[in-house]
file protein_2.cif (mmCIF, C-alpha atoms and all ligand atoms; chains and numbers go by the auth columns)
data_input
loop_
_atom_site.group_PDB
_atom_site.id
_atom_site.type_symbol
_atom_site.label_atom_id
_atom_site.label_comp_id
_atom_site.label_asym_id
_atom_site.label_seq_id
_atom_site.Cartn_x
_atom_site.Cartn_y
_atom_site.Cartn_z
_atom_site.B_iso_or_equiv
_atom_site.auth_seq_id
_atom_site.auth_asym_id
ATOM 1 C CA MET A 1 -18.196 11.567 8.229 0.00 1 A
ATOM 2 C CA HIS A 2 -18.221 12.453 4.520 0.00 2 A
ATOM 3 C CA ASN A 3 -21.700 12.263 2.957 0.00 3 A
ATOM 4 C CA ASP A 4 -20.610 9.792 0.283 0.00 4 A
ATOM 5 C CA LEU A 5 -19.610 7.197 2.864 0.00 5 A
ATOM 6 C CA GLU A 6 -21.741 4.395 4.231 0.00 6 A
ATOM 7 C CA LYS A 7 -19.612 3.866 7.348 0.00 7 A
ATOM 8 C CA ILE A 8 -16.197 4.456 8.826 0.00 8 A
ATOM 9 C CA LEU A 9 -14.025 1.342 9.034 0.00 9 A
ATOM 10 C CA PHE A 10 -10.965 2.766 10.775 0.00 10 A
ATOM 11 C CA THR A 11 -10.810 6.102 12.563 0.00 11 A
ATOM 12 C CA GLU A 12 -7.870 8.459 12.397 0.00 12 A
ATOM 13 C CA GLN A 13 -6.783 7.299 15.866 0.00 13 A
ATOM 14 C CA GLU A 14 -7.102 3.594 15.028 0.00 14 A
ATOM 15 C CA ILE A 15 -4.983 4.083 11.914 0.00 15 A
ATOM 16 C CA ALA A 16 -2.355 6.060 13.835 0.00 16 A
ATOM 17 C CA ASN A 17 -2.129 3.339 16.490 0.00 17 A
ATOM 18 C CA ARG A 18 -1.802 0.556 13.938 0.00 18 A
ATOM 19 C CA VAL A 19 0.809 2.427 11.875 0.00 19 A
ATOM 20 C CA LYS A 20 2.893 2.894 15.037 0.00 20 A
ATOM 21 C CA GLU A 21 2.573 -0.824 15.859 0.00 21 A
ATOM 22 C CA MET A 22 3.683 -1.758 12.339 0.00 22 A
ATOM 23 C CA ALA A 23 6.683 0.570 12.605 0.00 23 A
ATOM 24 C CA ASP A 24 7.623 -0.963 15.963 0.00 24 A
ATOM 25 C CA VAL A 25 7.765 -4.428 14.356 0.00 25 A
ATOM 26 C CA ILE A 26 9.869 -3.121 11.459 0.00 26 A
ATOM 27 C CA ASN A 27 12.246 -1.379 13.886 0.00 27 A
ATOM 28 C CA LYS A 28 12.676 -4.618 15.825 0.00 28 A
ATOM 29 C CA ASP A 29 13.279 -6.674 12.664 0.00 29 A
ATOM 30 C CA PHE A 30 15.791 -4.293 11.126 0.00 30 A
ATOM 31 C CA GLU A 31 17.703 -3.314 14.281 0.00 31 A
ATOM 32 C CA ASN A 32 18.726 -0.004 12.726 0.00 32 A
ATOM 33 C CA ARG A 33 20.010 -1.497 9.467 0.00 33 A
ATOM 34 C CA PRO A 34 19.449 1.014 6.647 0.00 34 A
ATOM 35 C CA ILE A 35 16.201 0.685 4.708 0.00 35 A
ATOM 36 C CA THR A 36 15.101 1.819 1.266 0.00 36 A
ATOM 37 C CA LEU A 37 11.357 2.463 1.379 0.00 37 A
ATOM 38 C CA VAL A 38 9.775 2.117 -2.033 0.00 38 A
ATOM 39 C CA VAL A 39 6.453 3.930 -2.015 0.00 39 A
ATOM 40 C CA ILE A 40 3.980 3.074 -4.754 0.00 40 A
ATOM 41 C CA LEU A 41 2.107 6.218 -5.749 0.00 41 A
ATOM 42 C CA LYS A 42 -0.327 7.629 -5.364 0.00 42 A
ATOM 43 C CA GLY A 43 -2.348 5.985 -2.615 0.00 43 A
ATOM 44 C CA SER A 44 0.529 4.889 -0.387 0.00 44 A
ATOM 45 C CA ALA A 45 2.061 8.346 0.004 0.00 45 A
ATOM 46 C CA ILE A 46 -0.097 9.228 3.025 0.00 46 A
ATOM 47 C CA PHE A 47 0.570 5.946 4.821 0.00 47 A
ATOM 48 C CA ALA A 48 4.298 6.092 4.039 0.00 48 A
ATOM 49 C CA ALA A 49 4.552 9.648 5.364 0.00 49 A
ATOM 50 C CA ASP A 50 3.144 8.544 8.723 0.00 50 A
ATOM 51 C CA LEU A 51 5.048 5.249 8.868 0.00 51 A
ATOM 52 C CA VAL A 52 8.460 6.717 8.085 0.00 52 A
ATOM 53 C CA ARG A 53 8.312 9.100 11.038 0.00 53 A
ATOM 54 C CA HIS A 54 8.252 6.126 13.433 0.00 54 A
ATOM 55 C CA LEU A 55 11.153 4.269 11.813 0.00 55 A
ATOM 56 C CA THR A 56 14.522 4.431 13.538 0.00 56 A
ATOM 57 C CA SER A 57 16.848 3.144 10.766 0.00 57 A
ATOM 58 C CA ASP A 58 18.535 5.376 8.217 0.00 58 A
ATOM 59 C CA ILE A 59 15.846 5.630 5.553 0.00 59 A
ATOM 60 C CA ASP A 60 16.049 6.358 1.880 0.00 60 A
ATOM 61 C CA ILE A 61 12.630 6.998 0.293 0.00 61 A
ATOM 62 C CA GLU A 62 11.905 6.295 -3.357 0.00 62 A
ATOM 63 C CA PHE A 63 8.572 6.974 -5.021 0.00 63 A
ATOM 64 C CA ILE A 64 7.440 5.085 -8.072 0.00 64 A
ATOM 65 C CA ARG A 65 4.386 5.073 -10.289 0.00 65 A
ATOM 66 C CA LEU A 66 3.176 1.874 -11.860 0.00 66 A
ATOM 67 C CA SER A 67 0.942 1.458 -14.837 0.00 67 A
ATOM 68 C CA SER A 68 -0.988 -1.730 -15.259 0.00 68 A
ATOM 69 C CA TYR A 69 -2.638 -2.756 -18.433 0.00 69 A
ATOM 70 C CA GLY A 70 -3.683 -5.994 -20.043 0.00 70 A
ATOM 71 C CA ASN A 71 -5.995 -7.493 -22.589 0.00 71 A
ATOM 72 C CA GLY A 72 -8.914 -7.790 -20.237 0.00 72 A
ATOM 73 C CA SER A 73 -7.886 -10.891 -18.342 0.00 73 A
ATOM 74 C CA VAL A 74 -6.394 -10.211 -14.935 0.00 74 A
ATOM 75 C CA SER A 75 -3.838 -13.018 -15.110 0.00 75 A
ATOM 76 C CA SER A 76 -2.249 -11.595 -18.244 0.00 76 A
ATOM 77 C CA GLN A 77 -2.034 -8.093 -16.820 0.00 77 A
ATOM 78 C CA LYS A 78 1.322 -6.383 -17.169 0.00 78 A
ATOM 79 C CA VAL A 79 2.800 -3.937 -14.714 0.00 79 A
ATOM 80 C CA ASP A 80 5.315 -1.335 -15.853 0.00 80 A
ATOM 81 C CA ILE A 81 7.238 1.228 -13.854 0.00 81 A
ATOM 82 C CA ILE A 82 6.601 4.666 -15.303 0.00 82 A
ATOM 83 C CA GLY A 83 10.009 6.206 -15.901 0.00 83 A
ATOM 84 C CA GLY A 84 11.729 2.915 -15.093 0.00 84 A
ATOM 85 C CA LEU A 85 13.446 1.804 -11.897 0.00 85 A
ATOM 86 C CA ASN A 86 15.737 4.770 -11.417 0.00 86 A
ATOM 87 C CA PHE A 87 17.358 3.925 -8.081 0.00 87 A
ATOM 88 C CA ASP A 88 19.745 1.287 -6.750 0.00 88 A
ATOM 89 C CA VAL A 89 18.219 -1.950 -5.503 0.00 89 A
ATOM 90 C CA ASN A 90 21.322 -4.135 -5.504 0.00 90 A
ATOM 91 C CA GLY A 91 22.411 -4.911 -1.933 0.00 91 A
ATOM 92 C CA LYS A 92 19.682 -2.754 -0.357 0.00 92 A
ATOM 93 C CA ASN A 93 17.094 -3.671 2.262 0.00 93 A
ATOM 94 C CA ILE A 94 13.928 -2.838 0.376 0.00 94 A
ATOM 95 C CA ILE A 95 10.520 -2.365 1.957 0.00 95 A
ATOM 96 C CA VAL A 96 7.735 -1.804 -0.542 0.00 96 A
ATOM 97 C CA VAL A 97 4.963 0.326 0.918 0.00 97 A
ATOM 98 C CA GLU A 98 1.413 -0.161 -0.339 0.00 98 A
ATOM 99 C CA ASP A 99 -1.929 1.158 0.812 0.00 99 A
ATOM 100 C CA ILE A 100 -3.839 -1.967 -0.225 0.00 100 A
ATOM 101 C CA ILE A 101 -3.305 -5.443 -1.632 0.00 101 A
ATOM 102 C CA ASP A 102 -6.411 -6.329 -3.588 0.00 102 A
ATOM 103 C CA THR A 103 -6.016 -8.899 -6.385 0.00 103 A
ATOM 104 C CA GLY A 104 -2.267 -8.893 -5.644 0.00 104 A
ATOM 105 C CA THR A 105 -1.395 -8.444 -9.311 0.00 105 A
ATOM 106 C CA THR A 106 0.412 -5.120 -8.906 0.00 106 A
ATOM 107 C CA LEU A 107 2.652 -6.282 -6.099 0.00 107 A
ATOM 108 C CA SER A 108 3.431 -9.749 -7.374 0.00 108 A
ATOM 109 C CA LYS A 109 4.645 -8.303 -10.693 0.00 109 A
ATOM 110 C CA PHE A 110 6.526 -5.487 -8.987 0.00 110 A
ATOM 111 C CA LYS A 111 8.129 -7.951 -6.569 0.00 111 A
ATOM 112 C CA GLU A 112 9.541 -9.898 -9.537 0.00 112 A
ATOM 113 C CA ILE A 113 11.078 -6.710 -10.937 0.00 113 A
ATOM 114 C CA ILE A 114 12.729 -5.844 -7.605 0.00 114 A
ATOM 115 C CA LEU A 115 13.986 -9.387 -7.005 0.00 115 A
ATOM 116 C CA SER A 116 15.638 -9.444 -10.431 0.00 116 A
ATOM 117 C CA GLN A 117 17.837 -6.541 -9.199 0.00 117 A
ATOM 118 C CA ASN A 118 19.325 -8.529 -6.283 0.00 118 A
ATOM 119 C CA PRO A 119 18.276 -6.650 -3.161 0.00 119 A
ATOM 120 C CA GLU A 120 19.821 -7.695 0.162 0.00 120 A
ATOM 121 C CA SER A 121 16.275 -8.231 1.410 0.00 121 A
ATOM 122 C CA LEU A 122 12.729 -7.491 0.260 0.00 122 A
ATOM 123 C CA LYS A 123 9.690 -7.003 2.471 0.00 123 A
ATOM 124 C CA ILE A 124 6.167 -5.903 1.678 0.00 124 A
ATOM 125 C CA CYS A 125 4.318 -3.515 3.965 0.00 125 A
ATOM 126 C CA SER A 126 0.637 -2.897 3.261 0.00 126 A
ATOM 127 C CA LEU A 127 -1.834 -1.003 5.406 0.00 127 A
ATOM 128 C CA LEU A 128 -4.849 -2.881 4.059 0.00 128 A
ATOM 129 C CA ASN A 129 -5.345 -6.407 2.804 0.00 129 A
ATOM 130 C CA LYS A 130 -8.425 -7.621 0.943 0.00 130 A
ATOM 131 C CA PRO A 131 -7.975 -11.433 0.775 0.00 131 A
ATOM 132 C CA ALA A 132 -11.372 -12.113 -0.840 0.00 132 A
ATOM 133 C CA ARG A 133 -10.222 -10.597 -4.137 0.00 133 A
ATOM 134 C CA ARG A 134 -6.790 -12.233 -4.355 0.00 134 A
ATOM 135 C CA VAL A 135 -5.760 -13.617 -7.749 0.00 135 A
ATOM 136 C CA SER A 136 -1.960 -13.698 -7.370 0.00 136 A
ATOM 137 C CA VAL A 137 -0.284 -15.479 -4.495 0.00 137 A
ATOM 138 C CA ILE A 138 1.175 -12.705 -2.380 0.00 138 A
ATOM 139 C CA GLU A 139 1.056 -11.716 1.261 0.00 139 A
ATOM 140 C CA ALA A 140 2.387 -8.690 3.096 0.00 140 A
ATOM 141 C CA ASP A 141 5.187 -9.207 5.622 0.00 141 A
ATOM 142 C CA TYR A 142 3.826 -6.220 7.538 0.00 142 A
ATOM 143 C CA LYS A 143 0.061 -5.855 7.389 0.00 143 A
ATOM 144 C CA GLY A 144 -2.222 -3.270 8.982 0.00 144 A
ATOM 145 C CA PHE A 145 -5.793 -4.506 8.666 0.00 145 A
ATOM 146 C CA ASP A 146 -7.670 -7.248 6.834 0.00 146 A
ATOM 147 C CA ILE A 147 -10.848 -5.931 5.238 0.00 147 A
ATOM 148 C CA GLU A 148 -13.930 -7.396 3.600 0.00 148 A
ATOM 149 C CA ASN A 149 -14.632 -7.064 -0.105 0.00 149 A
ATOM 150 C CA GLU A 150 -15.925 -3.500 0.173 0.00 150 A
ATOM 151 C CA PHE A 151 -15.078 -0.308 -1.717 0.00 151 A
ATOM 152 C CA VAL A 152 -12.870 1.610 0.688 0.00 152 A
ATOM 153 C CA VAL A 153 -11.629 5.175 0.401 0.00 153 A
ATOM 154 C CA GLY A 154 -9.724 7.680 2.511 0.00 154 A
ATOM 155 C CA TYR A 155 -6.222 7.971 3.978 0.00 155 A
ATOM 156 C CA GLY A 156 -4.753 7.875 0.475 0.00 156 A
ATOM 157 C CA LEU A 157 -7.292 5.565 -1.143 0.00 157 A
ATOM 158 C CA ASP A 158 -9.422 7.079 -3.872 0.00 158 A
ATOM 159 C CA TYR A 159 -12.435 6.637 -6.058 0.00 159 A
ATOM 160 C CA ALA A 160 -11.911 8.556 -9.334 0.00 160 A
ATOM 161 C CA GLN A 161 -9.084 10.453 -7.575 0.00 161 A
ATOM 162 C CA LYS A 162 -11.395 11.709 -4.802 0.00 162 A
ATOM 163 C CA TYR A 163 -11.410 11.097 -1.029 0.00 163 A
ATOM 164 C CA ARG A 164 -7.628 10.561 -0.622 0.00 164 A
ATOM 165 C CA ASN A 165 -7.547 13.433 1.867 0.00 165 A
ATOM 166 C CA LEU A 166 -10.024 11.941 4.357 0.00 166 A
ATOM 167 C CA PRO A 167 -8.127 11.246 7.587 0.00 167 A
ATOM 168 C CA TYR A 168 -10.082 8.010 8.172 0.00 168 A
ATOM 169 C CA ILE A 169 -10.880 4.958 6.019 0.00 169 A
ATOM 170 C CA GLY A 170 -14.501 4.275 5.147 0.00 170 A
ATOM 171 C CA VAL A 171 -16.795 2.358 2.843 0.00 171 A
ATOM 172 C CA LEU A 172 -18.123 4.262 -0.159 0.00 172 A
ATOM 173 C CA LYS A 173 -21.900 4.219 -0.718 0.00 173 A
ATOM 174 C CA ARG A 174 -22.863 2.070 -3.709 0.00 174 A
ATOM 175 C CA SER A 175 -24.936 4.952 -5.071 0.00 175 A
ATOM 176 C CA VAL A 176 -21.716 6.947 -5.559 0.00 176 A
ATOM 177 C CA TYR A 177 -19.907 4.482 -7.804 0.00 177 A
ATOM 178 C CA GLU A 178 -22.941 2.951 -9.487 0.00 178 A
ATOM 179 C CA LYS A 179 -24.407 6.197 -10.776 0.00 179 A
HETATM 180 C C1 LIG B . -4.111 0.489 -6.011 0.00 1 B
HETATM 181 C C2 LIG B . -3.217 0.210 -4.809 0.00 1 B
HETATM 182 C C3 LIG B . -2.294 -0.856 -5.311 0.00 1 B
HETATM 183 C C4 LIG B . -3.159 -1.625 -6.278 0.00 1 B
HETATM 184 C C5 LIG B . -3.664 -2.847 -5.606 0.00 1 B
HETATM 185 O O1 LIG B . -3.483 1.419 -6.819 0.00 1 B
HETATM 186 O O2 LIG B . -2.511 1.353 -4.392 0.00 1 B
HETATM 187 O O3 LIG B . -1.169 -0.328 -5.974 0.00 1 B
HETATM 188 O O4 LIG B . -4.248 -0.774 -6.647 0.00 1 B
HETATM 189 O O5 LIG B . -4.456 -3.601 -6.473 0.00 1 B
HETATM 190 P P1 LIG B . -4.130 -5.094 -6.892 0.00 1 B
HETATM 191 O O6 LIG B . -3.675 -5.835 -5.647 0.00 1 B
HETATM 192 O O7 LIG B . -5.455 -5.584 -7.393 0.00 1 B
HETATM 193 O O8 LIG B . -3.072 -5.074 -7.952 0.00 1 B
HETATM 194 P P2 LIG B . -4.200 2.216 -8.000 0.00 1 B
HETATM 195 O O9 LIG B . -3.891 1.545 -9.283 0.00 1 B
HETATM 196 O O10 LIG B . -5.632 2.421 -7.638 0.00 1 B
HETATM 197 O O11 LIG B . -3.406 3.598 -7.999 0.00 1 B
HETATM 198 P P3 LIG B . -3.414 4.804 -6.944 0.00 1 B
HETATM 199 O O12 LIG B . -2.648 4.345 -5.712 0.00 1 B
HETATM 200 O O13 LIG B . -2.707 5.897 -7.674 0.00 1 B
HETATM 201 O O14 LIG B . -4.846 5.134 -6.620 0.00 1 B
#
call {"tool": "encode", "arguments": {"input": "protein_2.cif", "output": "structure tokens", "more": "lines below"}}
Ligand code: PRP
result
Amino acid sequence: MHNDLEKILFTEQEIANRVKEMADVINKDFENRPITLVVILKGSAIFAADLVRHLTSDIDIEFIRLSSYGNGSVSSQKVDIIGGLNFDVNGKNIIVVEDIIDTGTTLSKFKEIILSQNPESLKICSLLNKPARRVSVIEADYKGFDIENEFVVGYGLDYAQKYRNLPYIGVLKRSVYEK
């Protein structure tokens, strides 16, 4: 385990098993209908790369970067797509892939943007869910694990851009982010 971690929450094997289970559910739901996976960078890239290899539909993968900013209050936070939405949503089966839903602000705003473009269907797939911090009303259709209100890193999740490459997910020591 990395020295900066307090404990491991999900091992590499546990994550792999859960990702496969999530893909199995998606495969059943979509019955080989084509899917456009919309991957929200950066954190979700690792999860999406593993998930997509278990999906049996024809898959189109789009990567987007979001910037969120506001005037200090979470409810007034705005979410913009960096570079705009530069792919077709109209008539597509969209699955948005996230590594974590925390306050829910990012996804609830992004969901509005996608819905305004008339997709055939829209589903949310998130590896982690942290319900204790939720501000916006949003739930994933496909969810990996519920977690407590702890600072998690690894498997794509970062602190100050570090730890994304850890193959497992763990809790960061307080001393690391409070120094
Ligand atoms: C994280 C995560 C989600 C968002 C969730 O991204 O990947 O996009 O925060 O938070 P919310 O539910 O409170 O809106 P981050 O902005 O850290 O970018 P990154 O993936 O590039 O690290």
call {"tool": "closest_residue", "arguments": {"input": "protein_2.cif", "among": "A:Val137, A:Ile35, A:Ile94, A:Leu122", "to": "ligand LIG 1 (chain B)", "atoms": "all atoms listed in the file"}}
result
A:Val137
call {"tool": "residues_around", "arguments": {"input": "protein_2.cif", "residues": "Asp80 of chain A", "least_positions_apart": "6", "cutoff": "10 Å", "atoms": "all atoms listed in the file", "output": "short mmCIF file (atom, residue, chain, number, x, y, z; two decimals) with C-alpha atoms, in the coordinates of the input"}}
result
data_model
loop_
_atom_site.label_atom_id
_atom_site.label_comp_id
_atom_site.auth_asym_id
_atom_site.auth_seq_id
_atom_site.Cartn_x
_atom_site.Cartn_y
_atom_site.Cartn_z
CA ARG A 65 4.39 5.07 -10.29
CA LEU A 66 3.18 1.87 -11.86
CA SER A 67 0.94 1.46 -14.84
CA SER A 68 -0.99 -1.73 -15.26
CA TYR A 69 -2.64 -2.76 -18.43
CA THR A 106 0.41 -5.12 -8.91
CA LYS A 109 4.64 -8.30 -10.69
CA PHE A 110 6.53 -5.49 -8.99
CA ILE A 113 11.08 -6.71 -10.94
#
call {"tool": "resolve_selection", "arguments": {"input": "protein_2.cif", "expression": "the PyMOL selection byres (((chain A and resi 29) around 12) and not hetatm)", "output": "list in words"}}
result
Met22, Ala23, Asp24, Val25, Ile26, Asn27, Lys28, Phe30, Glu31, Asn32, Arg33, Pro34, Ile35, Leu55, Thr56, Ser57, Asn93, Ile95, Ser121, Lys123, Asp141 and Tyr142 of chain A
call {"tool": "atom_distance", "arguments": {"input": "protein_2.cif", "atom1": "atom O8 of ligand LIG 1 (chain B)", "atom2": "atom CA of Gly83 of chain A"}}
result
19.0 Å
call {"tool": "residues_around", "arguments": {"input": "protein_2.cif", "residues": "Gly144 of chain A", "least_positions_apart": "3", "cutoff": "8 Å", "atoms": "all atoms listed in the file", "output": "PyMOL selection string"}}
result
chain A and resi 18-19+22+126-129
call {"tool": "closest_residue", "arguments": {"input": "protein_2.cif", "among": "A:Phe10, A:Phe145, A:Phe87, A:Tyr163", "to": "ligand LIG 1 (chain B)", "atoms": "only C-alpha atoms and all ligand atoms"}}
result
A:Tyr163
call {"tool": "resolve_selection", "arguments": {"input": "protein_2.cif", "expression": "the PyMOL selection byres (((chain A and resi 101) around 10) and not hetatm)", "output": "PyMOL selection string"}}
result
chain A and resi 98-100+102-108+125-131+133-134+138-140+143+146
call {"tool": "closest_residue", "arguments": {"input": "protein_2.cif", "among": "A:Val152, A:Ile40, A:Ile59, A:Val96", "to": "ligand LIG 1 (chain B)", "atoms": "only C-alpha atoms and all ligand atoms"}}
result
A:Ile40
call {"tool": "closest_residue", "arguments": {"input": "protein_2.cif", "among": "A:Leu5, A:Val89, A:Ile81, A:Ala160", "to": "ligand LIG 1 (chain B)", "atoms": "only C-alpha atoms and all ligand atoms"}}
result
A:Ala160
call {"tool": "atom_distance", "arguments": {"input": "protein_2.cif", "atom1": "atom CA of Glu112 of chain A", "atom2": "atom CA of Ala132 of chain A"}}
result
22.8 Å
call {"tool": "closest_residue", "arguments": {"input": "protein_2.cif", "among": "A:Lys42, A:His54, A:Arg164, A:Lys78", "to": "ligand LIG 1 (chain B)", "atoms": "all atoms listed in the file"}}
result
A:Lys42
call {"tool": "atom_distance", "arguments": {"input": "protein_2.cif", "atom1": "atom CA of Ala48 of chain A", "atom2": "atom O9 of ligand LIG 1 (chain B)"}}
result
16.3 Å
call {"tool": "closest_residue", "arguments": {"input": "protein_2.cif", "among": "A:Arg53, A:Lys162, A:Lys173, A:Lys179", "to": "ligand LIG 1 (chain B)", "atoms": "all atoms listed in the file"}}
result
A:Lys162
call {"tool": "resolve_selection", "arguments": {"input": "protein_2.cif", "expression": "the PyMOL selection byres (((chain A and resi 88) around 10) and not hetatm)", "output": "number ranges by chain"}}
result
A: 36, 62, 85-87, 89-92, 117-119
call {"tool": "axis_aligned_box", "arguments": {"input": "protein_2.cif", "around": "ligand LIG 1 (chain B)", "padding_each_side": "4 Å", "output": "lines of an AutoDock Vina configuration file"}}
result
center_x = -3.4
center_y = 0.0
center_z = -6.8
size_x = 12.5
size_y = 19.7
size_z = 12.9
call {"tool": "residues_around", "arguments": {"input": "protein_2.cif", "residues": "His2 of chain A", "least_positions_apart": "5", "cutoff": "10 Å", "atoms": "all atoms listed in the file", "output": "PyMOL selection string"}}
result
chain A and resi 7-8+154+163+166+168+170+172
